[in-house]
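Peer 1: Just so it is clear, I am handing over query.cif, which has mmCIF, C-alpha atoms and all ligand atoms.
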data_work
#
loop_
_atom_site.label_atom_id
_atom_site.label_comp_id
_atom_site.auth_asym_id
_atom_site.auth_seq_id
_atom_site.Cartn_x
_atom_site.Cartn_y
_atom_site.Cartn_z
CA MET A 187 10.00 20.77 9.78
CA THR A 188 13.53 20.28 11.07
CA GLN A 189 12.51 18.62 14.33
CA GLN A 190 12.20 14.87 14.55
CA ALA A 191 8.79 13.25 14.65
CA ILE A 192 7.38 12.13 17.98
CA ILE A 193 6.21 8.48 17.98
CA GLY A 194 3.23 7.84 20.25
CA THR A 195 -0.25 6.42 20.65
CA ASP A 196 -2.07 9.65 21.48
CA VAL A 197 -5.09 9.97 19.18
CA GLU A 198 -6.01 13.43 20.58
CA ARG A 199 -2.56 14.73 19.81
CA ALA A 200 -2.71 13.30 16.28
CA ALA A 201 -6.10 14.98 15.79
CA ALA A 202 -4.71 18.30 17.05
CA TRP A 203 -1.84 18.24 14.52
CA LEU A 204 -4.27 17.39 11.73
CA HIS A 205 -6.64 20.21 12.76
CA ALA A 206 -3.63 22.52 12.65
CA GLY A 207 -3.06 21.54 9.00
CA GLU A 208 -0.03 19.35 9.70
CA LEU A 209 0.68 15.76 8.64
CA VAL A 210 0.53 12.67 10.84
CA ALA A 211 1.55 9.12 9.94
CA ILE A 212 -1.29 6.72 10.75
CA PRO A 213 -1.40 2.95 11.16
CA THR A 214 -3.78 0.97 9.00
CA GLU A 215 -4.24 -2.78 8.61
CA THR A 216 -2.42 -2.62 5.23
CA VAL A 217 0.53 -0.22 5.56
CA TYR A 218 1.14 3.09 7.36
CA GLY A 219 -0.37 6.16 5.70
CA LEU A 220 0.92 9.73 5.56
CA ALA A 221 -2.25 11.60 6.48
CA GLY A 222 -3.47 15.15 6.14
CA ASN A 223 -6.80 16.97 5.86
CA GLY A 224 -8.17 15.69 2.55
CA LEU A 225 -10.23 18.83 2.02
CA SER A 226 -7.32 21.24 2.54
CA PRO A 227 -5.18 22.07 -0.51
CA ASP A 228 -2.38 23.22 1.83
CA ALA A 229 -2.27 19.94 3.76
CA ILE A 230 -2.41 18.00 0.50
CA ALA A 231 0.49 20.02 -0.89
CA LYS A 232 2.49 19.07 2.23
CA ILE A 233 1.82 15.36 1.57
CA TYR A 234 3.19 15.54 -1.98
CA ALA A 235 6.18 17.57 -0.81
CA ALA A 236 7.04 15.23 2.10
CA LYS A 237 6.90 12.11 -0.12
CA GLY A 238 8.45 13.67 -3.21
CA ARG A 239 5.40 12.34 -5.04
CA PRO A 240 4.40 13.50 -8.54
CA SER A 241 1.31 15.70 -8.26
CA HIS A 242 -0.68 13.80 -10.90
CA ASN A 243 -0.80 10.70 -8.68
CA PRO A 244 -4.09 10.90 -6.73
CA LEU A 245 -4.58 10.19 -3.02
CA ILE A 246 -7.00 7.83 -1.28
CA LEU A 247 -9.45 9.54 1.10
CA HIS A 248 -9.94 7.61 4.36
CA ILE A 249 -13.28 7.85 6.18
CA PRO A 250 -14.66 6.27 9.37
CA ASP A 251 -17.74 4.62 7.87
CA LEU A 252 -19.63 3.84 4.72
CA ASP A 253 -22.15 6.65 5.26
CA ARG A 254 -19.49 9.29 4.61
CA VAL A 255 -19.07 8.13 1.01
CA ALA A 256 -22.09 10.30 0.18
CA LEU A 257 -20.09 13.38 1.25
CA LEU A 258 -17.37 12.65 -1.31
CA ALA A 259 -18.84 10.73 -4.24
CA LYS A 260 -21.49 11.76 -6.74
CA GLU A 261 -22.67 8.18 -7.17
CA PHE A 262 -22.33 5.02 -5.10
CA PRO A 263 -23.64 2.20 -7.30
CA ASP A 264 -25.32 -0.74 -5.55
CA GLU A 265 -22.60 -3.16 -6.52
CA ALA A 266 -19.93 -0.88 -5.07
CA LYS A 267 -21.98 -0.63 -1.91
CA GLN A 268 -22.18 -4.42 -1.68
CA LEU A 269 -18.38 -4.60 -1.95
CA ALA A 270 -17.98 -1.92 0.70
CA LYS A 271 -20.34 -3.78 3.02
CA ALA A 272 -18.39 -6.98 2.50
CA PHE A 273 -14.88 -5.58 2.99
CA TRP A 274 -15.10 -2.38 5.08
CA PRO A 275 -13.58 -1.66 7.43
CA GLY A 276 -10.77 -3.29 5.52
CA PRO A 277 -8.18 -3.36 2.75
CA LEU A 278 -10.32 -2.27 -0.20
CA THR A 279 -10.30 1.10 -1.97
CA ILE A 280 -13.25 2.03 -4.17
CA VAL A 281 -12.91 4.64 -6.93
CA LEU A 282 -16.11 6.59 -7.63
CA PRO A 283 -17.16 9.74 -9.54
CA ARG A 284 -16.35 12.58 -7.18
CA LEU A 285 -18.14 15.62 -5.82
CA PRO A 286 -16.71 19.00 -6.88
CA HIS A 287 -15.73 20.28 -3.41
CA ILE A 288 -12.83 17.81 -3.14
CA PRO A 289 -9.66 19.74 -3.98
CA ASP A 290 -8.22 18.92 -7.41
CA ALA A 291 -4.88 18.48 -5.70
CA ALA A 292 -6.19 15.38 -3.87
CA THR A 293 -7.40 13.63 -7.01
CA GLY A 294 -4.60 14.61 -9.35
CA GLY A 295 -7.19 16.55 -11.34
CA LEU A 296 -9.27 13.41 -12.07
CA ASP A 297 -13.07 13.51 -11.84
CA THR A 298 -12.97 10.46 -9.56
CA VAL A 299 -12.04 9.85 -5.94
CA GLY A 300 -10.64 6.78 -4.18
CA VAL A 301 -12.25 6.09 -0.78
CA ARG A 302 -11.50 3.57 1.93
CA VAL A 303 -12.61 2.74 5.49
CA PRO A 304 -9.47 1.36 7.16
CA ALA A 305 -9.65 -1.21 9.95
CA HIS A 306 -7.00 -0.20 12.49
CA PRO A 307 -8.59 0.72 15.88
CA LEU A 308 -6.37 3.80 16.50
CA THR A 309 -7.05 5.21 13.07
CA CYS A 310 -10.78 4.41 13.34
CA ALA A 311 -10.83 6.35 16.63
CA LEU A 312 -8.94 9.22 14.99
CA LEU A 313 -11.19 9.35 11.92
CA SER A 314 -14.37 9.44 13.97
CA GLN A 315 -13.09 12.58 15.78
CA LEU A 316 -12.49 14.49 12.56
CA ASP A 317 -14.98 16.35 10.41
CA PHE A 318 -12.85 15.85 7.30
CA PRO A 319 -11.53 12.75 5.46
CA LEU A 320 -7.85 11.90 5.72
CA ALA A 321 -5.94 11.91 2.45
CA ALA A 322 -3.25 9.31 2.96
CA PRO A 323 -0.82 7.70 0.56
CA SER A 324 1.53 5.08 1.97
CA ALA A 325 3.98 6.78 4.36
CA ASN A 326 7.15 6.12 2.37
CA LEU A 327 9.24 8.31 0.12
CA SER A 328 7.99 8.05 -3.47
CA ASN A 329 8.88 4.66 -5.07
CA ARG A 330 10.31 3.17 -1.87
CA ILE A 331 8.99 0.25 0.20
CA SER A 332 5.79 1.00 2.11
CA PRO A 333 6.22 1.11 5.90
CA VAL A 334 4.61 -1.52 8.11
CA THR A 335 5.96 -0.25 11.45
CA ALA A 336 6.24 3.21 13.03
CA SER A 337 10.02 2.91 12.88
CA HIS A 338 9.94 2.28 9.10
CA VAL A 339 8.00 5.56 8.82
CA PHE A 340 10.50 7.31 11.06
CA GLN A 341 13.44 6.16 8.93
CA GLN A 342 11.95 7.68 5.77
CA LEU A 343 9.91 10.66 7.00
CA GLY A 344 11.05 11.27 10.60
CA ASP A 345 12.46 14.70 9.79
CA ARG A 346 9.46 15.81 7.74
CA ILE A 347 6.40 15.31 9.97
CA PRO A 348 5.59 16.13 13.60
CA TYR A 349 3.84 12.96 14.75
CA ILE A 350 3.68 9.22 14.03
CA LEU A 351 0.70 7.42 15.53
CA ASP A 352 2.14 4.06 16.53
CA GLY A 353 -0.28 1.21 15.98
CA GLY A 354 2.29 -1.58 15.98
CA ARG A 355 2.98 -3.83 13.05
CA CYS A 356 0.40 -3.65 10.20
CA GLN A 357 -1.63 -6.83 10.15
CA LYS A 358 -2.13 -7.37 6.39
CA GLY A 359 1.23 -6.03 5.26
CA ILE A 360 0.50 -5.01 1.67
CA GLU A 361 -1.63 -2.19 0.29
CA SER A 362 -5.38 -2.21 -0.34
CA THR A 363 -6.88 -3.64 -3.51
CA ILE A 364 -8.40 -0.88 -5.69
CA VAL A 365 -11.62 -1.31 -7.70
CA SER A 366 -13.04 1.47 -9.88
CA PHE A 367 -16.74 2.05 -10.46
CA ALA A 368 -16.12 5.19 -12.47
CA GLU A 369 -16.21 3.54 -15.89
CA GLU A 370 -18.99 1.65 -17.62
CA ARG A 371 -17.87 -1.63 -16.08
CA PRO A 372 -16.19 -2.12 -12.71
CA ARG A 373 -12.46 -2.54 -13.10
CA LEU A 374 -9.63 -3.80 -10.94
CA LEU A 375 -6.99 -1.04 -10.75
CA ARG A 376 -4.52 -2.48 -8.24
CA LEU A 377 -4.10 -5.90 -6.69
CA GLY A 378 -3.55 -5.87 -2.97
CA SER A 379 -4.64 -7.48 0.28
CA VAL A 380 -7.95 -8.63 -1.20
CA SER A 381 -7.54 -11.15 -4.03
CA GLU A 382 -9.20 -10.79 -7.43
CA GLU A 383 -11.26 -13.94 -6.74
CA GLU A 384 -12.69 -12.41 -3.58
CA ILE A 385 -13.77 -9.28 -5.48
CA ARG A 386 -15.17 -11.34 -8.35
CA HIS A 387 -17.37 -13.21 -5.90
CA PHE A 388 -19.34 -9.95 -5.48
CA VAL A 389 -18.63 -8.40 -8.90
CA PRO A 390 -18.65 -11.24 -11.46
CA GLU A 391 -18.30 -8.91 -14.47
CA LEU A 392 -15.17 -7.24 -13.05
CA GLU A 393 -12.65 -6.19 -15.71
CA GLY A 394 -9.18 -7.39 -14.74
CA LEU A 395 -6.01 -5.32 -14.55
CA ARG A 396 -5.11 -3.71 -17.85
CA LYS A 397 -2.69 -6.06 -19.57
CA ASP A 398 -1.58 -3.65 -22.28
CA GLY A 399 0.90 -1.96 -19.96
CA SER A 400 -1.11 1.26 -19.73
CA ILE A 401 -1.41 2.62 -16.24
CA ALA A 402 -4.87 2.16 -14.75
CA ALA A 403 -4.20 3.77 -11.38
CA PRO A 404 -1.81 6.65 -12.03
CA GLY A 405 0.46 5.40 -9.24
CA MET A 406 0.87 1.92 -10.70
CA LEU A 407 4.27 2.69 -12.15
CA ARG A 408 6.33 -0.28 -13.24
CA LYS A 409 9.03 0.53 -10.75
CA HIS A 410 7.61 0.95 -7.27
CA TYR A 411 7.86 -0.40 -3.77
CA SER A 412 11.60 -0.78 -4.22
CA PRO A 413 14.42 -1.50 -1.82
CA LEU A 414 17.64 0.47 -2.44
CA THR A 415 19.46 -2.85 -2.86
CA LEU A 416 19.28 -4.39 -6.33
CA MET A 417 16.58 -7.04 -6.44
CA GLU A 418 15.92 -9.89 -8.85
CA VAL A 419 13.05 -12.37 -9.06
CA MET A 420 14.20 -15.94 -9.78
CA GLY A 421 12.56 -19.37 -9.62
CA GLU A 422 13.97 -21.66 -6.93
CA GLU A 423 15.15 -24.14 -9.58
CA ALA A 424 17.40 -21.45 -11.11
CA LEU A 425 19.38 -20.98 -7.87
CA ALA A 426 21.47 -24.07 -8.63
CA TYR A 427 22.80 -22.43 -11.80
CA PHE A 428 23.26 -18.93 -10.42
CA ASP A 429 26.81 -17.64 -10.17
CA PRO A 430 27.01 -14.95 -7.47
CA LYS A 431 30.46 -13.81 -8.76
CA GLY A 432 31.57 -12.97 -5.25
CA LEU A 433 28.62 -10.67 -4.61
CA ARG A 434 26.91 -10.63 -1.22
CA VAL A 435 23.49 -12.13 -1.94
CA GLY A 436 20.43 -12.60 0.27
CA ILE A 437 17.46 -14.80 -0.66
CA LEU A 438 13.86 -13.94 0.13
CA SER A 439 11.68 -17.05 0.00
CA PHE A 440 8.03 -17.90 0.63
CA GLY A 441 8.78 -21.21 2.35
CA PRO A 442 11.90 -23.23 3.23
CA LEU A 443 14.25 -23.90 0.30
CA ALA A 444 14.81 -27.51 -0.79
CA GLU A 445 18.52 -26.70 -0.67
CA ALA A 446 19.97 -23.39 0.48
CA PRO A 447 22.90 -22.40 -1.80
CA SER A 448 26.23 -22.18 0.03
CA TRP A 449 26.90 -18.71 -1.45
CA ALA A 450 23.77 -17.15 0.07
CA GLU A 451 24.69 -14.79 2.90
CA MET A 452 21.21 -15.12 4.32
CA VAL A 453 17.91 -16.81 3.51
CA LYS A 454 14.78 -15.09 4.79
CA ILE A 455 11.73 -17.38 5.00
CA LEU A 456 8.40 -15.51 4.95
CA SER A 457 6.14 -18.35 6.02
CA PRO A 458 7.59 -21.71 7.16
CA ASN A 459 4.25 -23.41 6.48
CA GLN A 460 3.65 -21.49 3.26
CA HIS A 461 0.61 -19.43 4.20
CA LEU A 462 0.13 -16.50 1.83
CA GLU A 463 -1.44 -14.24 4.50
CA GLU A 464 1.51 -14.78 6.79
CA ALA A 465 3.94 -14.13 3.93
CA ALA A 466 2.13 -10.86 3.07
CA HIS A 467 2.33 -9.82 6.72
CA HIS A 468 6.12 -10.30 6.66
CA LEU A 469 7.07 -9.29 3.09
CA TYR A 470 7.76 -5.54 3.42
CA ALA A 471 9.30 -5.90 6.87
CA ALA A 472 11.69 -8.50 5.45
CA MET A 473 12.50 -6.24 2.50
CA HIS A 474 13.18 -3.31 4.86
CA GLU A 475 15.39 -5.54 7.01
CA MET A 476 17.36 -7.05 4.12
CA ASP A 477 17.77 -3.58 2.62
CA GLY A 478 19.59 -2.52 5.77
CA LEU A 479 22.24 -5.26 5.52
CA GLY A 480 24.39 -3.77 2.76
CA LEU A 481 23.87 -6.75 0.44
CA ASP A 482 24.72 -6.41 -3.28
CA LEU A 483 21.66 -8.31 -4.42
CA ILE A 484 18.38 -9.65 -3.05
CA ILE A 485 17.00 -12.66 -4.92
CA ALA A 486 13.27 -13.11 -4.39
CA ILE A 487 11.64 -16.44 -5.18
CA PRO A 488 8.16 -15.89 -6.71
CA PHE A 489 4.99 -16.93 -4.88
CA PRO A 490 2.50 -19.45 -6.29
CA GLU A 491 0.33 -17.55 -8.83
CA LYS A 492 -2.95 -17.94 -6.98
CA GLY A 493 -5.05 -15.76 -4.67
CA LEU A 494 -2.97 -13.35 -2.63
CA GLY A 495 0.16 -14.83 -4.25
CA ILE A 496 -0.70 -12.90 -7.44
CA SER A 497 -0.68 -9.61 -5.46
CA LEU A 498 2.61 -10.55 -3.81
CA ASN A 499 4.24 -11.39 -7.15
CA ASP A 500 3.07 -8.03 -8.47
CA ARG A 501 4.96 -6.30 -5.63
CA LEU A 502 8.10 -8.40 -6.22
CA LYS A 503 8.05 -7.56 -9.91
CA ARG A 504 7.78 -3.83 -9.24
CA ALA A 505 10.45 -3.95 -6.56
CA ALA A 506 12.83 -5.65 -9.00
CA GLU A 507 12.18 -3.26 -11.90
CA ARG A 508 15.37 -1.29 -12.73
O1 LIG B 1 -3.55 0.30 1.64
C1 LIG B 1 -3.53 1.40 1.07
O2 LIG B 1 -4.21 1.64 0.07
C2 LIG B 1 -2.63 2.49 1.68
C3 LIG B 1 -3.19 2.86 3.04
C4 LIG B 1 -2.42 4.00 3.68
O3 LIG B 1 -4.56 3.19 2.91
N1 LIG B 1 -2.55 3.62 0.80
C5 LIG B 1 -1.87 3.59 -0.38
O4 LIG B 1 -1.86 4.81 -1.02
O5 LIG B 1 -1.32 2.61 -0.81
P1 LIG B 1 -0.88 5.12 -2.24
O6 LIG B 1 -1.11 6.57 -2.52
O7 LIG B 1 0.49 4.72 -1.91
O8 LIG B 1 -1.47 4.29 -3.41
C6 LIG B 1 -2.77 4.60 -3.85
C7 LIG B 1 -2.95 4.23 -5.28
C8 LIG B 1 -2.09 5.01 -6.24
O9 LIG B 1 -1.59 4.09 -7.18
C9 LIG B 1 -3.05 5.98 -6.89
O10 LIG B 1 -2.68 6.29 -8.20
C10 LIG B 1 -4.36 5.20 -6.84
O11 LIG B 1 -4.30 4.55 -5.60
N2 LIG B 1 -5.53 6.07 -6.84
C11 LIG B 1 -5.93 6.91 -5.86
N3 LIG B 1 -7.03 7.60 -6.25
C12 LIG B 1 -7.34 7.18 -7.49
C13 LIG B 1 -8.35 7.51 -8.43
N4 LIG B 1 -9.27 8.44 -8.19
N5 LIG B 1 -8.35 6.86 -9.63
C14 LIG B 1 -7.40 5.92 -9.89
N6 LIG B 1 -6.42 5.58 -9.05
C15 LIG B 1 -6.38 6.19 -7.86
MG MG B 2 2.30 3.88 -2.11
#
For this file, write the structure as structure tokens.
Peer 2:
Amino acid sequence: MTQQAIIGTDVERAAAWLHAGELVAIPTETVYGLAGNGLSPDAIAKIYAAKGRPSHNPLILHIPDLDRVALLAKEFPDEAKQLAKAFWPGPLTIVLPRLPHIPDAATGGLDTVGVRVPAHPLTCALLSQLDFPLAAPSANLSNRISPVTASHVFQQLGDRIPYILDGGRCQKGIESTIVSFAEERPRLLRLGSVSEEEIRHFVPELEGLRKDGSIAAPGMLRKHYSPLTLMEVMGEEALAYFDPKGLRVGILSFGPLAEAPSWAEMVKILSPNQHLEEAAHHLYAAMHEMDGLGLDLIIAIPFPEKGLGISLNDRLKRAAER
């Protein structure tokens, strides 16, 4: 595809491209997805090629309602169903044992499938017109920051796809939380827009993220979600001792700094009143923006380690990994 993507709000047109086996970027409440027919090996191959994504990293299948899970998963345990009822449509992905007709290419050869009912009205309208699920990873190049606006998608994938369905700025701002029901006990695979506490409310025996460094969700690489600019995570108290050595440094902070260092070229505040939801909504957009400024270094101040703050710190840590 050498032509540039069209950006628009035409659901019919998006559906037509998808029926033709092409890819369309879709808005969700978390981040934009790069969508294709999840039952077509050709469309799936195009997704991996467009992103430059390793083929062993499985894709989430997006469906319009809970009833369609039965078309994709072999089992849907009661507890998983309770979670789905509580959070769908919304930022939760559930991993279940899969049915055999799903192409191996979509699941990275695993015998499980990740499913999600997203909450964005345009994408809900699109999904309910289709007779197939939409395989959709985040619509960024592999390892880069996930897009939260149509123009972020355009910057990374504008020359690789025909259409970007523009649903405005993503409301949640970070990816879905992933819970697997494919093992003996339910397990948290990725922290995201839903906090661990919220999941635990419905699934008290939830196993937490693997702490041994092994990769639970194949895509949970240590380095991920990265700006091109070097990034470092540093407590606010350490700023006073930091020597910028003439480098151009920007600071990304949850709330206002007690004292902004004179050497900082810019300080980006994510939530003046320190609300984690608001900070999540702004985080990736701020990272995209700061990445465009030609800074030498972005210093990110960590969030309080509670609730959604734990998910946000996870993203900062991955973004800063060298
Ligand atoms: O919010 C989101 O989840 C967004 C929107 C577009 O839905 N999607 C997204 O997709 O973040 P992606 O591909 O960037 O990340 C999905 C993660 C990957 O780490 C992948 O390895 C994991 O989900 N995953 C998908 N299917 C899986 C499965 N069957 N078992 C374990 N992990 C799985
Ligand atoms: Mg991603």
Peer 1: Need to verify the contact set: range 422-437 of chain A, 12 Å, all atoms listed in the file, exclusion of same-chain residues closer than 2 positions in sequence. Can you return it as a ChimeraX atom specification?
Peer 2: /A:415-420,439-456,472-473,475-490
Peer 1: So the first atom is CA of Tyr349 in chain A and the second is CA of Leu204 in chain A; what is the distance between them in Å, to one decimal place?
Peer 2: 9.7 Å
Peer 1: May I ask you to write as a PyMOL selection string all residues lying at most 8 Å from ligand LIG 1 (chain B), with only C-alpha atoms and all ligand atoms counted?
Peer 2: chain A and resi 212-220+243-248+277-279+281-282+293-294+296-302+304+322-325+332+360-364+366+375-376+378-379+402-407
Peer 1: Got a sec: who's within 8 Å of Pro319 in chain A, counting all atoms listed in the file, leaving out chain neighbours fewer than 5 positions off, as a PyMOL selection string?
Peer 2: chain A and resi 223-225+247-249+313
Peer 1: Give me the box for range 343-360 of chain A as lines of an AutoDock Vina configuration file, namely the centre and edge lengths in Å to one decimal of a box along x, y and z that holds every listed atom plus 3 Å on each side.
Peer 2:
center_x = 5.2
center_y = 4.4
center_z = 9.1
size_x = 20.6
size_y = 29.5
size_z = 20.9
Peer 1: Skip Ala235 in chain A itself and residues of its chain fewer than 6 positions away, then list as a short mmCIF file (atom, residue, chain, number, x, y, z; two decimals) with C-alpha atoms, in the frame of the given file all residues within 12 Å of it, counting all atoms listed in the file.
Peer 2:
data_model
loop_
_atom_site.label_atom_id
_atom_site.label_comp_id
_atom_site.auth_asym_id
_atom_site.auth_seq_id
_atom_site.Cartn_x
_atom_site.Cartn_y
_atom_site.Cartn_z
CA MET A 187 10.00 20.77 9.78
CA LEU A 209 0.68 15.76 8.64
CA LEU A 220 0.92 9.73 5.56
CA ASP A 228 -2.38 23.22 1.83
CA ALA A 229 -2.27 19.94 3.76
CA SER A 241 1.31 15.70 -8.26
CA ASN A 326 7.15 6.12 2.37
CA LEU A 327 9.24 8.31 0.12
CA SER A 328 7.99 8.05 -3.47
CA LEU A 343 9.91 10.66 7.00
CA ARG A 346 9.46 15.81 7.74
CA ILE A 347 6.40 15.31 9.97
#
Peer 1: CA of Gly222 in chain A and CA of Ile288 in chain A are how many Å apart?
Peer 2: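 These two atoms are separated by 13.4 Å.
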